[in-house]
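*Asks:* Here it is: the structure, laid out below.
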Amino acid sequence: MTTASNLLAFVGLVVTLAIVWRQSWPGRLRLFAAQSLVLAALAATLGLLAARPRLLLVALVFLVVKAVVIPRVLRRIGAGMPVRPVTPGKSSGVALLVAGVLVVVAYAVMLPVKAATELPTEGAIPLAFAMALIGLFLCVTGRDAFGHILGFLVFENGIFGLALLATYGLPGIVEAGVFLDVLVIVLIMEAVVGEVRREHESIDEQRLRELRE
Amino acid sequence: MATLGFLAAVTVGVAATVLGLLGAVGRAWTLAVPWLVPLGGLELALDPLAGFFLALVGAAVIPASIYAIGYVGGERRGVLAYLGFVVAMCVVPLAANVMTFVIAWELMSLASYFLVLHDRQAGASARAAWVYAVMTHAGLACLLAGMLLLAAWTGSVRFADWSAAGPGLPAGARGLALVLLGLGFASKAGVIPLHVWLPLAHPAAPSHVSALMSGVMIKLGVYGLARASLDWLAPAPTWWGAAVLLAGTVSAVVGILYAVVERDLKRLLAFSSIENIGVILIGLGAGLVFRAVGLGALAVLAIAAALYHVVNHAAFKTLLFLGAGAVVHATGTRNMNRLGGLVKLMPWTAACFVLGAAAISALPPLNGFVSEWLLFQALLQNTRIARLELNLVFTLGLAGLALTSGLTLACFVKAAGITFLAVPRSDAAARAHEAAPSMRVAMILLCVVCALLGLGPTLVLPALAAIASPLVGGAPLPALGDWLTLRVSREFAALSPLALTTALAAALLAPVVLLRLAGAARGTRRYETWGCGRILQTARMEYTATAFSNPFKRVFDFFYRSEKRLDIDFHPESRFFVERIEYGNPTRPIFEDWLYRPVLSALSVVARRARAIQSGSANVYLAYILAALLVLLVLT
């Protein structure tokens, strides 16, 4: 069980780092769907190995919401954008380095938590936390509204993974509420981004600065 | 509809007066509704001090609301805010825990804020309301800080527990709490230099509201000061009493100095309110010092004198604001240089205003005289304290009070004389009309109160001393003479208002009687007024408010720092012919220039610096969140 959870969390982190590395938005979107898939698999595995049938249901809902519905909405948000950033020559080297630092930070911060829990999944907790931190970092460095939303979703996935590994999932009602929240947030963001694009003909971060005054 | 609202306010006023008087004579009453608001629930308690201020609020609300019926003439806007204002003012003295007090205090501030904003078209009203809101909330912030500190130290939000736990707190903590609460209450009372909102807000509000704001709302600041230093944190240290006394002296002198050069009738009254708050604080401060050095009987005398002045100021300042309101209503202007001659057009208003002016100038036999006399007697006995620095403070207070008394007389000679005497200085003044009946009834009611308070101190003062006595640690009631004569500290001084009144009346009647006895001619000779030899006598030749106050401007030039602006247009042909001369002599406000402007500009510099972190970029804002999260995670 430890091996399975460690492996899946590791794969999730690798996918997350790949999101940081990729520059084209359809590619990042596919990677996000893949990350969601890995987390759903993690939930299902834990549900089977720890004999928690409720987690199987959670995994199913997660799969539908995060790997199917939300990527479709995100595709609608991104429609019409250039596939790669317009200004070439910017590599993701620095971003990957920062992400690496965040992984170290996550290990440093989660050591006391690791020591406190008795669950067999404790080894993967820092990995999930690193996923959350990297998601927030993606949110910070997002070049446009799409990047922000994607970063937020990765962050949310990381939190889900953390809850899964640290306590075998949140209580059902909380989990359901979080799923609904995320779905509603994404739908609202779609409407807002559409509105901003109609007003400013761009969702580029540099141009959104003009909204300040 | 509006009339019904004001009648409801009158009812509230009557109920508050009755309940307050019951409380003032010692009837206790409490009401607790724990579930109504969080943090302790609604809790009201009636004790003598609360009863005194409750009765004061009620008694001022009655005439102001009667007056309002005629003054607003059925306009519905503002009635609800007025009712809220009245009810909130009744609850403030009764509040027995932090939550109840803060809700009532804030409701009072908000309702009066809307009333100041009543005249929405005028830009001055908007600015006045803005300054008022800022100052009152700065005060509230200080109050909350002080109250929360006290609640944390004593572990209770009930005021009664504070009084019990107060003596056990360390001296530094008590001092800090006193300063914070003092700043908060002083900003509401309009103590210099926290007064800036007062001369803006009081003239901007409708007159019945100005009357209540000036007559009772700022007194609730005094109530708070008295409550904090005589009850919650009693016994207050000596330095605190001396500080209150000095703050009172500065307020009294500075307030009246501004009032005496003011041309706007209602602003003049507002500045005079600052002066009277100062006079009250002189008494309160003296009482605190007397108590701190262990002279209980003198403390009772000083505090009773201060409370007497609270009542008196509520009576005559309400009267004067109502009178000024009648003038503004009839002429549409508050500028005294455009008034004049109103005594013939509005004789009732003029008579009431002059009586109020005589009372505030402390002329016997009216009420202002009695309280200021008592205050002088209390201050003069400072020689019984054998500490030089305290004697010096008292001497400053005495000198300030004496100067204030003289300047008040000059100020109100000007206010009444320029407004009501001579020939109208504008068409608006010439077309003035007498006030509506309900307004006259309200003013006459207050005149009667002023006269009674002046004639009956032998009945009023013992009652006030009975309120003051438990506040200074149950000092024994000093003997205050019999029904005819007021005696202070046995043989220190004595005053018999009835005898004084009789003597004054006799002195006025004596020449008439003597002339009759000497066989003077009976008939009346009619002849035109001597016009100084001029053929034509117009309003432009009259003495104006500006001219009246010019000597004061010269004497106190170091304080007013007035600028002279002379603007002359010469005739194009020759410099010896002048087409137009304009002369201005504006004073420069000392506290705005030296205190508020530096503070405000420093604030805006800081704000501009702080704006650098507001880049407008979503990335940066998100980075703040990530950084804050990481810092918190690593630190904890």
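To be explicit about the labels: the chains of the structure tokens are called A, B, and onward in the order shown, and within each one the residues are counted from 1, while ligands get numbers from 1 in the order they are shown.
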Would you mind listing what lies within 8 Å of range 342-357 of chain B as a PyMOL selection string, with only C-alpha atoms counted and same-chain residues fewer than 6 positions away left out?
*Replies:* chain B and resi 316-317+319-320+323-324+326-327+412-413+416+419-421+424+429-430+432-435+440+443-444+447+450
*Asks:* Please save N, CA and C atoms of the selected residues as a PDB file, in the first residue's frame.
*Replies:*
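Writing the result to part.pdb gives the following:
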ATOM      1  N   PHE B 316     -29.469  76.633  28.408  1.00  0.00           N
ATOM      2  CA  PHE B 316     -29.358  77.881  27.623  1.00  0.00           C
ATOM      3  C   PHE B 316     -28.804  77.657  26.231  1.00  0.00           C
ATOM      4  N   LYS B 317     -27.976  76.628  26.028  1.00  0.00           N
ATOM      5  CA  LYS B 317     -27.467  76.437  24.673  1.00  0.00           C
ATOM      6  C   LYS B 317     -28.558  75.890  23.764  1.00  0.00           C
ATOM      7  N   LEU B 319     -31.688  76.604  24.150  1.00  0.00           N
ATOM      8  CA  LEU B 319     -32.499  77.812  23.912  1.00  0.00           C
ATOM      9  C   LEU B 319     -31.862  78.670  22.820  1.00  0.00           C
ATOM     10  N   LEU B 320     -30.551  78.897  22.918  1.00  0.00           N
ATOM     11  CA  LEU B 320     -29.899  79.786  21.958  1.00  0.00           C
ATOM     12  C   LEU B 320     -29.903  79.177  20.555  1.00  0.00           C
ATOM     13  N   GLY B 323     -33.300  79.611  19.202  1.00  0.00           N
ATOM     14  CA  GLY B 323     -33.490  81.009  18.799  1.00  0.00           C
ATOM     15  C   GLY B 323     -32.774  81.296  17.490  1.00  0.00           C
ATOM     16  N   ALA B 324     -31.526  80.843  17.379  1.00  0.00           N
ATOM     17  CA  ALA B 324     -30.773  81.058  16.140  1.00  0.00           C
ATOM     18  C   ALA B 324     -31.476  80.372  14.977  1.00  0.00           C
ATOM     19  N   ALA B 326     -34.672  79.910  14.684  1.00  0.00           N
ATOM     20  CA  ALA B 326     -35.810  80.746  14.293  1.00  0.00           C
ATOM     21  C   ALA B 326     -35.344  81.888  13.405  1.00  0.00           C
ATOM     22  N   VAL B 327     -34.186  82.481  13.736  1.00  0.00           N
ATOM     23  CA  VAL B 327     -33.656  83.585  12.931  1.00  0.00           C
ATOM     24  C   VAL B 327     -33.295  83.081  11.531  1.00  0.00           C
ATOM     25  N   PHE B 412     -21.552  87.444  23.588  1.00  0.00           N
ATOM     26  CA  PHE B 412     -23.011  87.381  23.475  1.00  0.00           C
ATOM     27  C   PHE B 412     -23.661  88.746  23.406  1.00  0.00           C
ATOM     28  N   VAL B 413     -22.969  89.781  23.864  1.00  0.00           N
ATOM     29  CA  VAL B 413     -23.447  91.136  23.555  1.00  0.00           C
ATOM     30  C   VAL B 413     -23.463  91.303  22.047  1.00  0.00           C
ATOM     31  N   ALA B 416     -26.281  88.883  20.362  1.00  0.00           N
ATOM     32  CA  ALA B 416     -27.648  89.376  20.506  1.00  0.00           C
ATOM     33  C   ALA B 416     -27.787  90.761  19.894  1.00  0.00           C
ATOM     34  N   THR B 419     -27.463  90.880  15.949  1.00  0.00           N
ATOM     35  CA  THR B 419     -28.537  90.152  15.286  1.00  0.00           C
ATOM     36  C   THR B 419     -29.876  90.873  15.433  1.00  0.00           C
ATOM     37  N   PHE B 420     -30.149  91.368  16.649  1.00  0.00           N
ATOM     38  CA  PHE B 420     -31.521  91.808  16.905  1.00  0.00           C
ATOM     39  C   PHE B 420     -31.690  93.323  16.904  1.00  0.00           C
ATOM     40  N   LEU B 421     -30.633  94.088  17.194  1.00  0.00           N
ATOM     41  CA  LEU B 421     -30.820  95.534  17.335  1.00  0.00           C
ATOM     42  C   LEU B 421     -30.533  96.257  16.019  1.00  0.00           C
ATOM     43  N   PRO B 424     -32.236  96.607   9.911  1.00  0.00           N
ATOM     44  CA  PRO B 424     -31.874  95.412   9.147  1.00  0.00           C
ATOM     45  C   PRO B 424     -30.770  95.709   8.141  1.00  0.00           C
ATOM     46  N   ALA B 429     -33.319  90.186   6.090  1.00  0.00           N
ATOM     47  CA  ALA B 429     -33.582  90.495   7.482  1.00  0.00           C
ATOM     48  C   ALA B 429     -34.795  91.405   7.615  1.00  0.00           C
ATOM     49  N   ALA B 430     -34.986  92.277   6.650  1.00  0.00           N
ATOM     50  CA  ALA B 430     -36.117  93.210   6.732  1.00  0.00           C
ATOM     51  C   ALA B 430     -37.447  92.497   6.525  1.00  0.00           C
ATOM     52  N   ALA B 432     -38.164  89.485   7.666  1.00  0.00           N
ATOM     53  CA  ALA B 432     -38.272  88.375   8.612  1.00  0.00           C
ATOM     54  C   ALA B 432     -39.664  88.321   9.230  1.00  0.00           C
ATOM     55  N   HIS B 433     -40.007  87.121   9.744  1.00  0.00           N
ATOM     56  CA  HIS B 433     -41.310  86.948  10.378  1.00  0.00           C
ATOM     57  C   HIS B 433     -41.122  86.249  11.706  1.00  0.00           C
ATOM     58  N   GLU B 434     -42.098  86.402  12.595  1.00  0.00           N
ATOM     59  CA  GLU B 434     -41.999  85.759  13.911  1.00  0.00           C
ATOM     60  C   GLU B 434     -42.079  84.238  13.756  1.00  0.00           C
ATOM     61  N   ALA B 435     -41.471  83.532  14.717  1.00  0.00           N
ATOM     62  CA  ALA B 435     -41.416  82.078  14.653  1.00  0.00           C
ATOM     63  C   ALA B 435     -42.809  81.484  14.848  1.00  0.00           C
ATOM     64  N   ARG B 440     -42.147  78.965  19.449  1.00  0.00           N
ATOM     65  CA  ARG B 440     -42.162  79.919  20.565  1.00  0.00           C
ATOM     66  C   ARG B 440     -42.390  79.196  21.882  1.00  0.00           C
ATOM     67  N   MET B 443     -39.223  77.643  23.093  1.00  0.00           N
ATOM     68  CA  MET B 443     -38.230  78.598  23.600  1.00  0.00           C
ATOM     69  C   MET B 443     -38.645  79.151  24.959  1.00  0.00           C
ATOM     70  N   ILE B 444     -39.945  79.426  25.114  1.00  0.00           N
ATOM     71  CA  ILE B 444     -40.405  79.985  26.391  1.00  0.00           C
ATOM     72  C   ILE B 444     -40.218  78.952  27.506  1.00  0.00           C
ATOM     73  N   CYS B 447     -36.758  79.179  28.577  1.00  0.00           N
ATOM     74  CA  CYS B 447     -36.520  80.406  29.350  1.00  0.00           C
ATOM     75  C   CYS B 447     -36.920  80.180  30.799  1.00  0.00           C
ATOM     76  N   CYS B 450     -34.370  78.129  32.553  1.00  0.00           N
ATOM     77  CA  CYS B 450     -33.174  78.921  32.866  1.00  0.00           C
ATOM     78  C   CYS B 450     -33.417  79.763  34.117  1.00  0.00           C
TER      79      CYS B 450
END
*Asks:* Taking only residues of range 133-195 of chain A that have an atom at most 10 Å from an atom of range 114-129 of chain A, what is each one's shortest atom pair and its distance in Å to one decimal, using only C-alpha atoms, in chain and number order, as CSV?
*Replies:*
residue,atom,partner,partner_atom,distance
A:Leu133,CA,A:Phe129,CA,6.3
A:Ile134,CA,A:Phe129,CA,8.6
A:Gly135,CA,A:Phe129,CA,9.7
A:Phe155,CA,A:Phe129,CA,9.1
A:Asn157,CA,A:Ala128,CA,8.6
A:Gly158,CA,A:Ala128,CA,5.3
A:Ile159,CA,A:Phe129,CA,7.0
A:Phe160,CA,A:Ala128,CA,8.3
A:Gly161,CA,A:Ala128,CA,5.5
A:Leu162,CA,A:Ala128,CA,5.1
A:Ala163,CA,A:Ala128,CA,8.8
A:Leu164,CA,A:Ile125,CA,9.0
A:Leu165,CA,A:Thr121,CA,5.6
A:Ala166,CA,A:Ile125,CA,6.4
A:Thr167,CA,A:Leu119,CA,8.0
A:Tyr168,CA,A:Thr121,CA,8.9
*Asks:* Give me a file of those residues, with C-alpha atoms, as an mmCIF file, in the first residue's frame.
*Replies:*
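Everything below was put into part_32.cif:
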data_model
loop_
_atom_site.group_PDB
_atom_site.id
_atom_site.type_symbol
_atom_site.label_atom_id
_atom_site.label_comp_id
_atom_site.auth_asym_id
_atom_site.auth_seq_id
_atom_site.Cartn_x
_atom_site.Cartn_y
_atom_site.Cartn_z
ATOM 1 C CA LEU A 133 2.551 24.626 -3.598
ATOM 2 C CA ILE A 134 3.532 24.253 -7.245
ATOM 3 C CA GLY A 135 -0.102 24.839 -8.199
ATOM 4 C CA PHE A 155 -3.421 23.786 -6.315
ATOM 5 C CA ASN A 157 -5.804 18.952 -6.826
ATOM 6 C CA GLY A 158 -2.787 19.052 -4.555
ATOM 7 C CA ILE A 159 -5.011 19.794 -1.555
ATOM 8 C CA PHE A 160 -7.252 16.885 -2.524
ATOM 9 C CA GLY A 161 -4.266 14.601 -2.686
ATOM 10 C CA LEU A 162 -3.024 15.869 0.655
ATOM 11 C CA ALA A 163 -6.386 15.197 2.310
ATOM 12 C CA LEU A 164 -6.441 11.759 0.768
ATOM 13 C CA LEU A 165 -2.983 10.796 1.951
ATOM 14 C CA ALA A 166 -3.106 12.393 5.388
ATOM 15 C CA THR A 167 -6.580 11.258 6.502
ATOM 16 C CA TYR A 168 -7.986 8.980 3.783
#
*Asks:* Counting only C-alpha atoms, give me one row per residue of chain B with an atom at most 9 Å from an atom of chain A, showing the shortest contact pair and its distance in Å to one decimal, sorted by chain then residue number, as CSV.
*Replies:*
residue,atom,partner,partner_atom,distance
B:Gln614,CA,A:Arg212,CA,8.8
B:Ser615,CA,A:Arg209,CA,7.9
B:Gly616,CA,A:Arg212,CA,5.2
B:Ser617,CA,A:Arg209,CA,5.3
B:Ala618,CA,A:Glu205,CA,7.3
B:Asn619,CA,A:Val140,CA,4.8
B:Val620,CA,A:Val140,CA,7.0
B:Tyr621,CA,A:Val140,CA,7.9
B:Leu622,CA,A:Val140,CA,5.0
B:Ala623,CA,A:Val140,CA,5.3
B:Tyr624,CA,A:Val140,CA,8.8
B:Ile625,CA,A:Leu136,CA,8.8
B:Leu626,CA,A:Leu136,CA,6.6
B:Leu630,CA,A:Val105,CA,8.5
B:Leu633,CA,A:Val109,CA,6.6
B:Val634,CA,A:Val109,CA,6.3
*Asks:* Using only C-alpha atoms, can you tell me which of A:Ser91, A:Gln23, A:Thr45, A:Ser36 comes closest to Glu156 in chain A?
*Replies:* A:Ser36
*Asks:* Residues within 9 Å of Leu183 in chain A, please, as a list in words. Count only C-alpha atoms; anything in the same chain fewer than 5 positions from it doesn't count.
*Replies:* Val65, Lys66, Val69, Ile70, Val178 and Ile188 of chain A
*Asks:* Selection from above, N, CA and C atoms, as a CSV table (one decimal), in the first residue's frame, can you write it?
*Replies:*
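Below is the file selection.csv, written as the result:
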chain,number,residue,atom,x,y,z
A,65,VAL,N,-15.5,15.1,-12.7
A,65,VAL,CA,-15.5,16.6,-12.6
A,65,VAL,C,-14.1,17.1,-13.1
A,66,LYS,N,-13.0,16.5,-12.6
A,66,LYS,CA,-11.7,17.1,-12.9
A,66,LYS,C,-11.1,16.6,-14.2
A,69,VAL,N,-15.2,17.2,-17.1
A,69,VAL,CA,-16.0,18.4,-17.3
A,69,VAL,C,-15.1,19.6,-17.3
A,70,ILE,N,-14.2,19.7,-16.3
A,70,ILE,CA,-13.4,21.0,-16.2
A,70,ILE,C,-12.5,21.1,-17.4
A,178,VAL,N,-16.6,20.7,-1.8
A,178,VAL,CA,-15.5,21.2,-2.5
A,178,VAL,C,-15.6,21.0,-4.0
A,188,ILE,N,-17.9,30.2,-13.4
A,188,ILE,CA,-18.0,31.7,-13.2
A,188,ILE,C,-16.8,32.3,-13.9
*Asks:* Near Leu225 in chain B, counting only C-alpha atoms, which residues have an atom at most 12 Å away, once you skip same-chain residues fewer than 6 positions from it, shown as an NGL selection string?
*Replies:* :B and (49 or 93 or 143 or 177-189 or 191 or 218-219 or 231-234 or 236 or 240-241 or 244 or 277 or 280-281 or 284-285 or 288)
*Asks:* Name the residues in contact with Gly190 in chain B at a cut-off of 9 Å, using only C-alpha atoms, excluding same-chain residues fewer than 4 positions from it; report them as a list of chain:residue names.
*Replies:*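 Answer for this query is B:Phe185, B:Ala186, B:Leu194, B:His195, B:Val196, B:Trp197, B:Leu198, B:Ile218, B:Gly221, B:Ser251, B:Ser273, B:Ile274, B:Ile277, B:Gly278.
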*Asks:* Write out as a PyMOL selection string all residues of range 58-184 of chain A that backbone DSSP assigns to alpha helix (DSSP H).
*Replies:* chain A and resi 58-62+70-78+93-116+125-141+145-167+172-184
